[in-house]
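Shown next, in structure tokens, is the structure this report addresses.
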Amino acid sequence: MSKYKVNVGDIELISLTDGKGAGEATEIFPTSDLNIWESEYKELLDGKVIHPRFGSFVISLKGKLIVVDTGLNGPDGELLDDMKTKGIDRNQIGMVINTHLHPDHVGWNLSNGQPTFPNARYLVPKHDWDYWTGPKIINDAPWVTDSVIPLHEGRILDLIEGEYDITPEIKAVPTPGHTPGHISISITSNGYHGFILGDVAHSPAQAEYTDWSPAFDVDPDLARDTRHKVFDKLERENILVAAGHFPKPGFGRIKSSKGRRYWIIE
Ligand SMILES: [Zn+2]
């Protein structure tokens, strides 16, 4: 079994899970081909269905704890139980980052109307905030009303723009397309590099079939372009990747051999 904790220099990354979704592979990825799924990615299929995981990561650095994404908080939501099992006290979390404002990334921002992480500030990309709270969208995005706006009203939400240094080791970088303000998290410590992908990709199959964009990308063309650029860099620099929607625990690298590009589990 692969490990749920990895090190990037002095930083520890801990993988958490909040259950998983379900959808037909060719509905989630409309330009994908069921024959390819069946011949190359059988291990990801359950009949014709794939199950993108709702994964989060904790970044631990010298006693400082940051949660990246907070799952869906659906009927099988298990994020808080998983944290407990892994010895993480939610009161110790000093910061929460939402890579974007889709419902499967903000689900546990609050619990029973109160911040789930009472001692944290919450970081949200400003372009996503502007998009999702705009008058045309907000009525169709009840999760934003429920799980994001109260943080703003409680003055514990910070909006960030562009490349943003969270600490000297941890940086938010814009990776737009899936949503307008989508960010990933780049980590550098002691010469080691890691990258929390967010929703730049949803399946290991996209390492090879990088053109496959999921139906829920706001701008599929931009998302595809971003995914190519990000994957090329991750491969070229052999960077450790943390991917929340990939199978547990979601750590791996992008590698090529014989003209094909693969996701290699760490
Ligand atoms: Zn997602």
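Naming scheme: A, B, ... for chains in displayed order of the structure tokens; residues 1 onward per chain; ligands 1 onward as shown.
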
- Residue set, segment 3-232 of chain A restricted to strand (DSSP E), as a PyMOL selection string: chain A and resi 5-8+11-20+23-24+45-46+49-50+53-61+64-68+93-97+110-111+114-115+121-125+157-160+164-165+170-174+183-189+192-196

Just-selected residues, C-alpha atoms written as a PDB file, in the first residue's frame:
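Written output follows (part-v8.pdb):
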ATOM      1  CA  LYS A   5       2.606  10.831   4.147  1.00  0.00           C
ATOM      2  CA  VAL A   6       5.548  12.020   2.075  1.00  0.00           C
ATOM      3  CA  ASN A   7       8.343  14.505   2.678  1.00  0.00           C
ATOM      4  CA  VAL A   8       9.361  17.398   0.468  1.00  0.00           C
ATOM      5  CA  ILE A  11       7.795  19.731   4.710  1.00  0.00           C
ATOM      6  CA  GLU A  12       5.512  16.805   5.343  1.00  0.00           C
ATOM      7  CA  LEU A  13       2.506  16.288   3.071  1.00  0.00           C
ATOM      8  CA  ILE A  14      -0.360  14.232   4.473  1.00  0.00           C
ATOM      9  CA  SER A  15      -3.103  12.867   2.221  1.00  0.00           C
ATOM     10  CA  LEU A  16      -6.728  12.960   3.415  1.00  0.00           C
ATOM     11  CA  THR A  17      -9.913  11.671   1.788  1.00  0.00           C
ATOM     12  CA  ASP A  18     -13.552  12.745   2.021  1.00  0.00           C
ATOM     13  CA  GLY A  19     -15.180   9.916   0.045  1.00  0.00           C
ATOM     14  CA  LYS A  20     -15.492   9.689  -3.712  1.00  0.00           C
ATOM     15  CA  GLY A  23     -19.775   9.054 -13.087  1.00  0.00           C
ATOM     16  CA  GLU A  24     -19.422   7.294 -16.425  1.00  0.00           C
ATOM     17  CA  LEU A  45     -13.110   1.450 -14.015  1.00  0.00           C
ATOM     18  CA  ASP A  46     -16.097   0.065 -12.192  1.00  0.00           C
ATOM     19  CA  VAL A  49     -17.953   4.296 -14.111  1.00  0.00           C
ATOM     20  CA  ILE A  50     -14.937   6.028 -12.573  1.00  0.00           C
ATOM     21  CA  ARG A  53     -11.772  10.776  -4.995  1.00  0.00           C
ATOM     22  CA  PHE A  54     -12.437  13.874  -2.894  1.00  0.00           C
ATOM     23  CA  GLY A  55      -8.911  14.348  -1.598  1.00  0.00           C
ATOM     24  CA  SER A  56      -7.330  17.041   0.561  1.00  0.00           C
ATOM     25  CA  PHE A  57      -3.771  17.552   1.722  1.00  0.00           C
ATOM     26  CA  VAL A  58      -2.253  18.857   4.920  1.00  0.00           C
ATOM     27  CA  ILE A  59       1.051  20.692   4.613  1.00  0.00           C
ATOM     28  CA  SER A  60       3.033  20.415   7.835  1.00  0.00           C
ATOM     29  CA  LEU A  61       6.028  22.693   8.306  1.00  0.00           C
ATOM     30  CA  LYS A  64       2.491  24.962  11.224  1.00  0.00           C
ATOM     31  CA  LEU A  65      -0.408  23.132   9.585  1.00  0.00           C
ATOM     32  CA  ILE A  66      -2.179  24.150   6.375  1.00  0.00           C
ATOM     33  CA  VAL A  67      -5.144  22.318   4.852  1.00  0.00           C
ATOM     34  CA  VAL A  68      -5.493  22.452   1.070  1.00  0.00           C
ATOM     35  CA  ILE A  93      -4.852  24.178  11.600  1.00  0.00           C
ATOM     36  CA  GLY A  94      -3.598  27.725  11.052  1.00  0.00           C
ATOM     37  CA  MET A  95      -4.644  28.121   7.425  1.00  0.00           C
ATOM     38  CA  VAL A  96      -7.062  26.627   4.923  1.00  0.00           C
ATOM     39  CA  ILE A  97      -6.567  27.114   1.185  1.00  0.00           C
ATOM     40  CA  LEU A 110     -17.781  25.183   7.922  1.00  0.00           C
ATOM     41  CA  SER A 111     -19.558  22.651  10.104  1.00  0.00           C
ATOM     42  CA  GLN A 114     -19.167  27.556  12.328  1.00  0.00           C
ATOM     43  CA  PRO A 115     -15.653  27.409  10.860  1.00  0.00           C
ATOM     44  CA  ARG A 121      -7.550  31.984   8.140  1.00  0.00           C
ATOM     45  CA  TYR A 122      -9.042  30.860   4.845  1.00  0.00           C
ATOM     46  CA  LEU A 123      -7.337  31.743   1.546  1.00  0.00           C
ATOM     47  CA  VAL A 124      -9.362  31.912  -1.669  1.00  0.00           C
ATOM     48  CA  PRO A 125      -8.263  33.050  -5.148  1.00  0.00           C
ATOM     49  CA  LEU A 157     -11.280  35.002   4.512  1.00  0.00           C
ATOM     50  CA  ASP A 158      -8.342  36.437   2.552  1.00  0.00           C
ATOM     51  CA  LEU A 159      -8.524  36.887  -1.222  1.00  0.00           C
ATOM     52  CA  ILE A 160      -5.252  36.310  -3.067  1.00  0.00           C
ATOM     53  CA  TYR A 164       1.329  34.501  -3.873  1.00  0.00           C
ATOM     54  CA  ASP A 165       3.943  33.531  -1.288  1.00  0.00           C
ATOM     55  CA  ILE A 170       4.884  27.495  -0.138  1.00  0.00           C
ATOM     56  CA  LYS A 171       3.480  29.469  -3.041  1.00  0.00           C
ATOM     57  CA  ALA A 172       0.044  29.685  -4.688  1.00  0.00           C
ATOM     58  CA  VAL A 173       0.316  29.729  -8.484  1.00  0.00           C
ATOM     59  CA  PRO A 174      -2.517  30.510 -10.911  1.00  0.00           C
ATOM     60  CA  ILE A 183      -4.681  27.832  -8.127  1.00  0.00           C
ATOM     61  CA  SER A 184      -2.191  25.066  -7.442  1.00  0.00           C
ATOM     62  CA  ILE A 185       0.318  25.009  -4.601  1.00  0.00           C
ATOM     63  CA  SER A 186       4.037  24.891  -5.335  1.00  0.00           C
ATOM     64  CA  ILE A 187       6.371  23.727  -2.571  1.00  0.00           C
ATOM     65  CA  THR A 188      10.155  24.109  -2.369  1.00  0.00           C
ATOM     66  CA  SER A 189      12.157  23.058   0.657  1.00  0.00           C
ATOM     67  CA  TYR A 192      13.113  19.432  -3.035  1.00  0.00           C
ATOM     68  CA  HIS A 193       9.988  20.300  -5.001  1.00  0.00           C
ATOM     69  CA  GLY A 194       6.336  19.335  -4.653  1.00  0.00           C
ATOM     70  CA  PHE A 195       3.135  20.455  -6.326  1.00  0.00           C
ATOM     71  CA  ILE A 196      -0.447  20.186  -5.124  1.00  0.00           C
TER      72      ILE A 196
END

What are the closest atom pairs, with distances in Å to one decimal, for all residues of segment 86-166 of chain A lying within 8 Å of segment 70-74 of chain A? Consider only C-alpha atoms, order rows by chain and residue number, and present the result as a Markdown table.
| residue | atom | partner | partner_atom | distance |
| --- | --- | --- | --- | --- |
| A:Asn98 | CA | A:Thr70 | CA | 7.3 |
| A:Pro103 | CA | A:Leu72 | CA | 5.9 |
| A:Asp104 | CA | A:Leu72 | CA | 3.9 |
| A:His105 | CA | A:Gly71 | CA | 4.7 |
| A:Val106 | CA | A:Thr70 | CA | 5.0 |
| A:Gly107 | CA | A:Leu72 | CA | 4.1 |
| A:Trp108 | CA | A:Thr70 | CA | 5.0 |
| A:Asn109 | CA | A:Thr70 | CA | 6.1 |

- Item | Shell around segment 130-142 of chain A at 10 Å using only C-alpha atoms, local window under 2 positions removed, as a list in words | His100, Leu101, His102, Pro103, Pro125, Lys126, His127, Asp128, Val144, Thr145, Asp146, Ser147, Val148, Ile149, Leu159, Thr179, Pro180 and Gly181 of chain A

- Best match for closeness to ligand 1 among A:Gly21, A:Pro204, A:Gly250, A:Pro75, counting only C-alpha atoms and all ligand atoms: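 The shortest atom-to-atom distance to ligand 1 comes from A:Gly21.
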
- Item | Those of segment 202-250 of chain A in DSSP alpha helix (DSSP H), formatted as a PyMOL selection string | chain A and resi 220-236

- Message: Just to confirm, what's the straight-line distance from atom CA of Gly87 of chain A to atom CA of His152 of chain A in Å (one decimal)?
- Response: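 These atoms are spaced 29.0 Å apart.
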
- Pick from A:Ser256, A:Pro150, A:Val200, A:Asp221 nearest to Ala242 of chain A, counting only C-alpha atoms: A:Val200

- Message: Restricting the calculation to only C-alpha atoms and all ligand atoms: of A:Ile88, A:Ala207, A:Ile28, A:Val241, which residue gets closest to ligand 1?
- Response: A:Ile28

- Query: Counting only C-alpha atoms and all ligand atoms, which of A:Asn119, A:Ser203, A:Asn35, A:Asn190 gets nearest to ligand 1?
  - Reply: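 Using only C-alpha atoms and all ligand atoms, ligand 1 sits closest to A:Ser203.
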
- Selected residue of minimal separation from Asp211 of chain A among A:Pro30, A:Lys84, A:Lys3, A:Trp129, counting only C-alpha atoms: A:Pro30
